[in-house]
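Colleague: Before I ask anything, let me first share the structure, which is written out below as structure tokens.
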Amino acid sequence: MKEEVFYFQEQHWRLLPERAIFWEEEKTILLSDLHLGKAAHFRKSGIAIPAGIVQEDLFRLQQLITRHLPERVIVVGDMFHSTENNDVQYFRLWRSQFRHISFDLVKGNHDIMQPEVYEQLEVNVHNTLTIRNIHFIHEPCEDDNGYQYTFSGHLHPGMVMAGMGKQRLRLPCFYFGRHCGILPAFGHFTGLASLEPSPAEPVFVIAGKSIIRIQ
């Protein structure tokens with residue numbers, strides 16, 4: 001895996017090909033939009049979805065935890081996709097191996113389970129969260145909101161890359177706007193929304209096992 005350390009806003013952000021960030025100063029893994037339970041929700045509606053998606057996503061997160069040894073995991077919204085289902089129960093079992101790590105959820109529009117379910121899962125739920133004046137919300141902001149910087153999720157950002165022979169490929173990315181950054185969707189069962197950043201805004205695409213800065 002080829003990671004990229006980006007020094008920005010006086011902090012070190014280790015950008016990871018697994019679609020997450022390790023915030024070095026806080027020993028914290030940042031990610032967004034897991035949408036755990038989405039596959040089970042679709043299957044319940046009669047849509048054929050391959051099994052094992054939630055297991056694959058949580059295995060990637062498990063590998064990140066083992067590699068970086070964080071004290072905290074912050075999910076910037078849409079950790080879960082809908083009401084409680086079998087995938088949520090799988091997370092309950094998975095979570096039990098990391099009771100020494102704090103899990104914080106900045107509530108997203110899909111996080112609609114009852115408060116007692118999050119308590120049972122040992123997930124701390126916040127409407128917003130601020131650490132070292134770095135602010136976390138789910139839906140993207142556009143302008144300075146009084147904080148040093150703001151991270152969000154929700155959009156599942158991607159960039160269209162042009163290749164040889166008119167080939168075009170859309171890849172997930174980390175976007176750092178002037179006041180607000182957007183995290184890629186961690187869950188694989190998600191789409192991508194194309195961004196059109198200005199030339200002055202840093203963007204890092206995730207190309208397989210590598211992080212590539214494109215501007």
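Residues are referred to by chain and number: the chain letter is A, B, ... according to the order shown in the structure tokens, the number counts from 1 in that chain, and ligands are numbered separately from 1 in the order shown.
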Excluding Glu10 (chain A) and any residue of its chain fewer than 3 positions from it, enumerate the residues within 12 Å of it, using only C-alpha atoms, and give them as a PDB file with N, CA and C atoms, in the first residue's frame.
Modeller:
```
ATOM      1  N   PHE A   6      -0.003  14.143   4.302  1.00  0.00           N
ATOM      2  CA  PHE A   6      -0.317  15.499   3.837  1.00  0.00           C
ATOM      3  C   PHE A   6      -0.330  16.416   5.050  1.00  0.00           C
ATOM      4  N   TYR A   7       0.638  17.350   5.086  1.00  0.00           N
ATOM      5  CA  TYR A   7       0.678  18.325   6.188  1.00  0.00           C
ATOM      6  C   TYR A   7      -0.218  19.495   5.801  1.00  0.00           C
ATOM      7  N   TRP A  13      -1.974  14.469   8.153  1.00  0.00           N
ATOM      8  CA  TRP A  13      -3.054  13.578   7.743  1.00  0.00           C
ATOM      9  C   TRP A  13      -2.457  12.486   6.862  1.00  0.00           C
ATOM     10  N   TRP A  23      -5.131  10.414  11.407  1.00  0.00           N
ATOM     11  CA  TRP A  23      -4.769  11.730  11.945  1.00  0.00           C
ATOM     12  C   TRP A  23      -3.699  11.486  12.997  1.00  0.00           C
ATOM     13  N   GLU A  24      -2.458  11.813  12.652  1.00  0.00           N
ATOM     14  CA  GLU A  24      -1.334  11.402  13.479  1.00  0.00           C
ATOM     15  C   GLU A  24      -1.347  12.059  14.855  1.00  0.00           C
ATOM     16  N   GLU A  25      -1.621  13.347  14.923  1.00  0.00           N
ATOM     17  CA  GLU A  25      -1.587  14.046  16.204  1.00  0.00           C
ATOM     18  C   GLU A  25      -2.611  13.491  17.196  1.00  0.00           C
ATOM     19  N   ARG A 132      -9.455  19.992  18.470  1.00  0.00           N
ATOM     20  CA  ARG A 132      -8.375  20.911  18.083  1.00  0.00           C
ATOM     21  C   ARG A 132      -8.879  21.969  17.098  1.00  0.00           C
ATOM     22  N   ASN A 133     -10.102  22.370  17.239  1.00  0.00           N
ATOM     23  CA  ASN A 133     -10.758  23.333  16.348  1.00  0.00           C
ATOM     24  C   ASN A 133     -10.900  22.806  14.913  1.00  0.00           C
ATOM     25  N   ILE A 134     -10.713  21.497  14.716  1.00  0.00           N
ATOM     26  CA  ILE A 134     -11.052  20.835  13.457  1.00  0.00           C
ATOM     27  C   ILE A 134     -12.474  20.314  13.637  1.00  0.00           C
ATOM     28  N   GLN A 148     -11.211  26.174  12.410  1.00  0.00           N
ATOM     29  CA  GLN A 148      -9.941  26.117  11.695  1.00  0.00           C
ATOM     30  C   GLN A 148     -10.129  25.424  10.350  1.00  0.00           C
ATOM     31  N   TYR A 149     -10.863  24.307  10.376  1.00  0.00           N
ATOM     32  CA  TYR A 149     -11.156  23.587   9.145  1.00  0.00           C
ATOM     33  C   TYR A 149     -12.311  22.632   9.424  1.00  0.00           C
TER      34      TYR A 149
END
```
Colleague: Using DSSP secondary structure from the backbone, list all strand (DSSP E) positions within region 3-132 of chain A, as number ranges by chain.
Modeller: A: 4-8, 11-16, 20-23, 28-31, 72-75, 102-106, 123-126, 129-131
Colleague: Save the residues we just selected, N, CA and C atoms, as an mmCIF file, in the first residue's frame?
Modeller:
```cif
data_model
loop_
_atom_site.group_PDB
_atom_site.id
_atom_site.type_symbol
_atom_site.label_atom_id
_atom_site.label_comp_id
_atom_site.auth_asym_id
_atom_site.auth_seq_id
_atom_site.Cartn_x
_atom_site.Cartn_y
_atom_site.Cartn_z
ATOM 1 N N GLU A 4 0.071 8.437 1.749
ATOM 2 C CA GLU A 4 0.564 9.792 1.503
ATOM 3 C C GLU A 4 0.320 10.621 2.754
ATOM 4 N N VAL A 5 1.405 11.213 3.308
ATOM 5 C CA VAL A 5 1.260 12.089 4.463
ATOM 6 C C VAL A 5 1.110 13.519 3.954
ATOM 7 N N PHE A 6 -0.003 14.143 4.302
ATOM 8 C CA PHE A 6 -0.317 15.499 3.837
ATOM 9 C C PHE A 6 -0.330 16.416 5.050
ATOM 10 N N TYR A 7 0.638 17.350 5.086
ATOM 11 C CA TYR A 7 0.678 18.325 6.188
ATOM 12 C C TYR A 7 -0.218 19.495 5.801
ATOM 13 N N PHE A 8 -1.283 19.684 6.567
ATOM 14 C CA PHE A 8 -2.327 20.640 6.193
ATOM 15 C C PHE A 8 -3.011 21.117 7.455
ATOM 16 N N GLN A 11 -1.565 20.073 10.842
ATOM 17 C CA GLN A 11 -1.754 18.705 11.285
ATOM 18 C C GLN A 11 -1.233 17.751 10.211
ATOM 19 N N HIS A 12 -0.884 16.540 10.631
ATOM 20 C CA HIS A 12 -0.424 15.517 9.695
ATOM 21 C C HIS A 12 -1.565 14.529 9.430
ATOM 22 N N TRP A 13 -1.974 14.469 8.153
ATOM 23 C CA TRP A 13 -3.054 13.578 7.743
ATOM 24 C C TRP A 13 -2.457 12.486 6.862
ATOM 25 N N ARG A 14 -2.490 11.257 7.321
ATOM 26 C CA ARG A 14 -1.972 10.143 6.533
ATOM 27 C C ARG A 14 -3.116 9.576 5.688
ATOM 28 N N LEU A 15 -3.075 9.843 4.388
ATOM 29 C CA LEU A 15 -4.138 9.423 3.479
ATOM 30 C C LEU A 15 -3.904 7.961 3.095
ATOM 31 N N LEU A 16 -4.922 7.147 3.253
ATOM 32 C CA LEU A 16 -4.783 5.702 3.104
ATOM 33 C C LEU A 16 -5.567 5.188 1.904
ATOM 34 N N ALA A 20 -9.528 6.019 3.908
ATOM 35 C CA ALA A 20 -9.594 6.584 5.253
ATOM 36 C C ALA A 20 -8.365 7.458 5.483
ATOM 37 N N ILE A 21 -8.370 8.179 6.598
ATOM 38 C CA ILE A 21 -7.246 9.028 7.000
ATOM 39 C C ILE A 21 -6.818 8.629 8.405
ATOM 40 N N PHE A 22 -5.508 8.581 8.629
ATOM 41 C CA PHE A 22 -5.007 8.465 9.990
ATOM 42 C C PHE A 22 -4.481 9.833 10.405
ATOM 43 N N TRP A 23 -5.131 10.414 11.407
ATOM 44 C CA TRP A 23 -4.769 11.730 11.945
ATOM 45 C C TRP A 23 -3.699 11.486 12.997
ATOM 46 N N THR A 28 -5.969 8.927 15.502
ATOM 47 C CA THR A 28 -7.381 8.700 15.172
ATOM 48 C C THR A 28 -7.537 8.318 13.704
ATOM 49 N N ILE A 29 -8.347 7.308 13.437
ATOM 50 C CA ILE A 29 -8.733 6.972 12.067
ATOM 51 C C ILE A 29 -10.021 7.707 11.735
ATOM 52 N N LEU A 30 -10.015 8.413 10.607
ATOM 53 C CA LEU A 30 -11.182 9.142 10.116
ATOM 54 C C LEU A 30 -11.705 8.445 8.868
ATOM 55 N N LEU A 31 -13.005 8.250 8.805
ATOM 56 C CA LEU A 31 -13.619 7.698 7.602
ATOM 57 C C LEU A 31 -15.069 8.139 7.545
ATOM 58 N N ARG A 72 -8.800 6.002 18.647
ATOM 59 C CA ARG A 72 -10.160 6.449 18.354
ATOM 60 C C ARG A 72 -10.455 6.255 16.878
ATOM 61 N N VAL A 73 -11.700 5.953 16.569
ATOM 62 C CA VAL A 73 -12.199 5.919 15.184
ATOM 63 C C VAL A 73 -13.370 6.890 15.103
ATOM 64 N N ILE A 74 -13.303 7.826 14.154
ATOM 65 C CA ILE A 74 -14.397 8.775 13.936
ATOM 66 C C ILE A 74 -15.009 8.495 12.567
ATOM 67 N N VAL A 75 -16.302 8.240 12.549
ATOM 68 C CA VAL A 75 -17.037 8.040 11.300
ATOM 69 C C VAL A 75 -17.845 9.301 11.038
ATOM 70 N N SER A 102 -12.245 3.969 21.177
ATOM 71 C CA SER A 102 -13.473 4.764 21.157
ATOM 72 C C SER A 102 -13.977 4.892 19.721
ATOM 73 N N PHE A 103 -15.269 4.616 19.513
ATOM 74 C CA PHE A 103 -15.899 4.805 18.207
ATOM 75 C C PHE A 103 -16.870 5.982 18.314
ATOM 76 N N ASP A 104 -16.655 6.998 17.482
ATOM 77 C CA ASP A 104 -17.509 8.177 17.475
ATOM 78 C C ASP A 104 -18.167 8.317 16.115
ATOM 79 N N LEU A 105 -19.453 8.553 16.124
ATOM 80 C CA LEU A 105 -20.224 8.745 14.899
ATOM 81 C C LEU A 105 -20.781 10.163 14.857
ATOM 82 N N VAL A 106 -20.428 10.908 13.805
ATOM 83 C CA VAL A 106 -21.087 12.182 13.520
ATOM 84 C C VAL A 106 -22.308 11.835 12.681
ATOM 85 N N VAL A 123 -21.108 2.893 20.431
ATOM 86 C CA VAL A 123 -20.812 3.967 19.481
ATOM 87 C C VAL A 123 -21.353 5.274 20.051
ATOM 88 N N ASN A 124 -20.469 6.261 20.212
ATOM 89 C CA ASN A 124 -20.862 7.569 20.713
ATOM 90 C C ASN A 124 -21.381 8.412 19.557
ATOM 91 N N VAL A 125 -22.591 8.914 19.660
ATOM 92 C CA VAL A 125 -23.240 9.638 18.559
ATOM 93 C C VAL A 125 -23.215 11.142 18.834
ATOM 94 N N HIS A 126 -22.823 11.918 17.808
ATOM 95 C CA HIS A 126 -22.761 13.380 17.900
ATOM 96 C C HIS A 126 -23.454 13.979 16.678
ATOM 97 N N LEU A 129 -18.896 17.336 15.706
ATOM 98 C CA LEU A 129 -17.789 17.034 16.612
ATOM 99 C C LEU A 129 -16.633 17.967 16.284
ATOM 100 N N THR A 130 -15.988 18.520 17.316
ATOM 101 C CA THR A 130 -14.864 19.424 17.115
ATOM 102 C C THR A 130 -13.703 18.992 17.998
ATOM 103 N N ILE A 131 -12.533 18.811 17.380
ATOM 104 C CA ILE A 131 -11.305 18.434 18.081
ATOM 105 C C ILE A 131 -10.181 19.333 17.560
#
```
Colleague: Given only C-alpha atoms as the basis, pick out the residue of A:Pro197, A:Gly187, A:Pro157, A:Gly177 nearest to Leu36 (chain A).
Modeller: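 Using only C-alpha atoms, the shortest distance to Leu36 (chain A) belongs to A:Gly187.
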Colleague: Which is closest to Leu93 (chain A) among A:Leu155, A:Leu58, A:Met1, A:Leu192, if we use only C-alpha atoms?
Modeller: A:Leu58
Colleague: Taking only C-alpha atoms into account, name the residue in A:Cys141, A:Trp94, A:His156, A:Leu64 that is nearest to Thr190 (chain A).
Modeller: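 Checking each of A:Cys141, A:Trp94, A:His156, A:Leu64 against Thr190 (chain A), counting only C-alpha atoms, the winner is A:His156.
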Colleague: Report, in Å to a single decimal, how far apart CA of Glu139 (chain A) and CA of Arg168 (chain A) are.
Modeller: 27.8 Å
Colleague: With only C-alpha atoms as the counted atoms, please give the residues lying no more than 12 Å from Phe80 (chain A), apart from itself and same-chain residues fewer than 6 positions off, as a VMD selection string.
Modeller: chain A and resid 32 to 41 54 86 to 89 91 105 to 114 117 to 118 121 123 125 186 to 187
Colleague: What's the separation between CA of Ser198 (chain A) and CA of Tyr147 (chain A), in Å to one decimal place?
Modeller: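 Atom-to-atom, CA of Ser198 (chain A) to CA of Tyr147 (chain A), that is 21.5 Å.
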Colleague: Go ahead and compute the interatomic distance for CA of Val205 (chain A) and CA of His138 (chain A), in Å to one decimal.
Modeller: 20.5 Å
Colleague: Just list as a list in words whatever in region 65-187 of chain A DSSP marks as helix (DSSP H, G or I).
Modeller: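 Assigned to helix (DSSP H, G or I), within region 65-187 of chain A: Ile65, Thr66, Arg67, His68, Asn86, Asp87, Val88, Gln89, Tyr90, Phe91, Arg92, Leu93, Trp94, Arg95, Ser96, Gln97, Phe98, Pro115, Glu116, Val117, Tyr118, Glu119, Gln120, Met164, Gly165 and Lys166 of chain A.
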Colleague: I'd like to know which of A:Glu26, A:Ala185, A:Ser194, A:Lys2 is closest to Leu169 (chain A), using only C-alpha atoms.
Modeller: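 Ranking A:Glu26, A:Ala185, A:Ser194, A:Lys2 by distance to Leu169 (chain A), first place goes to A:Ser194.
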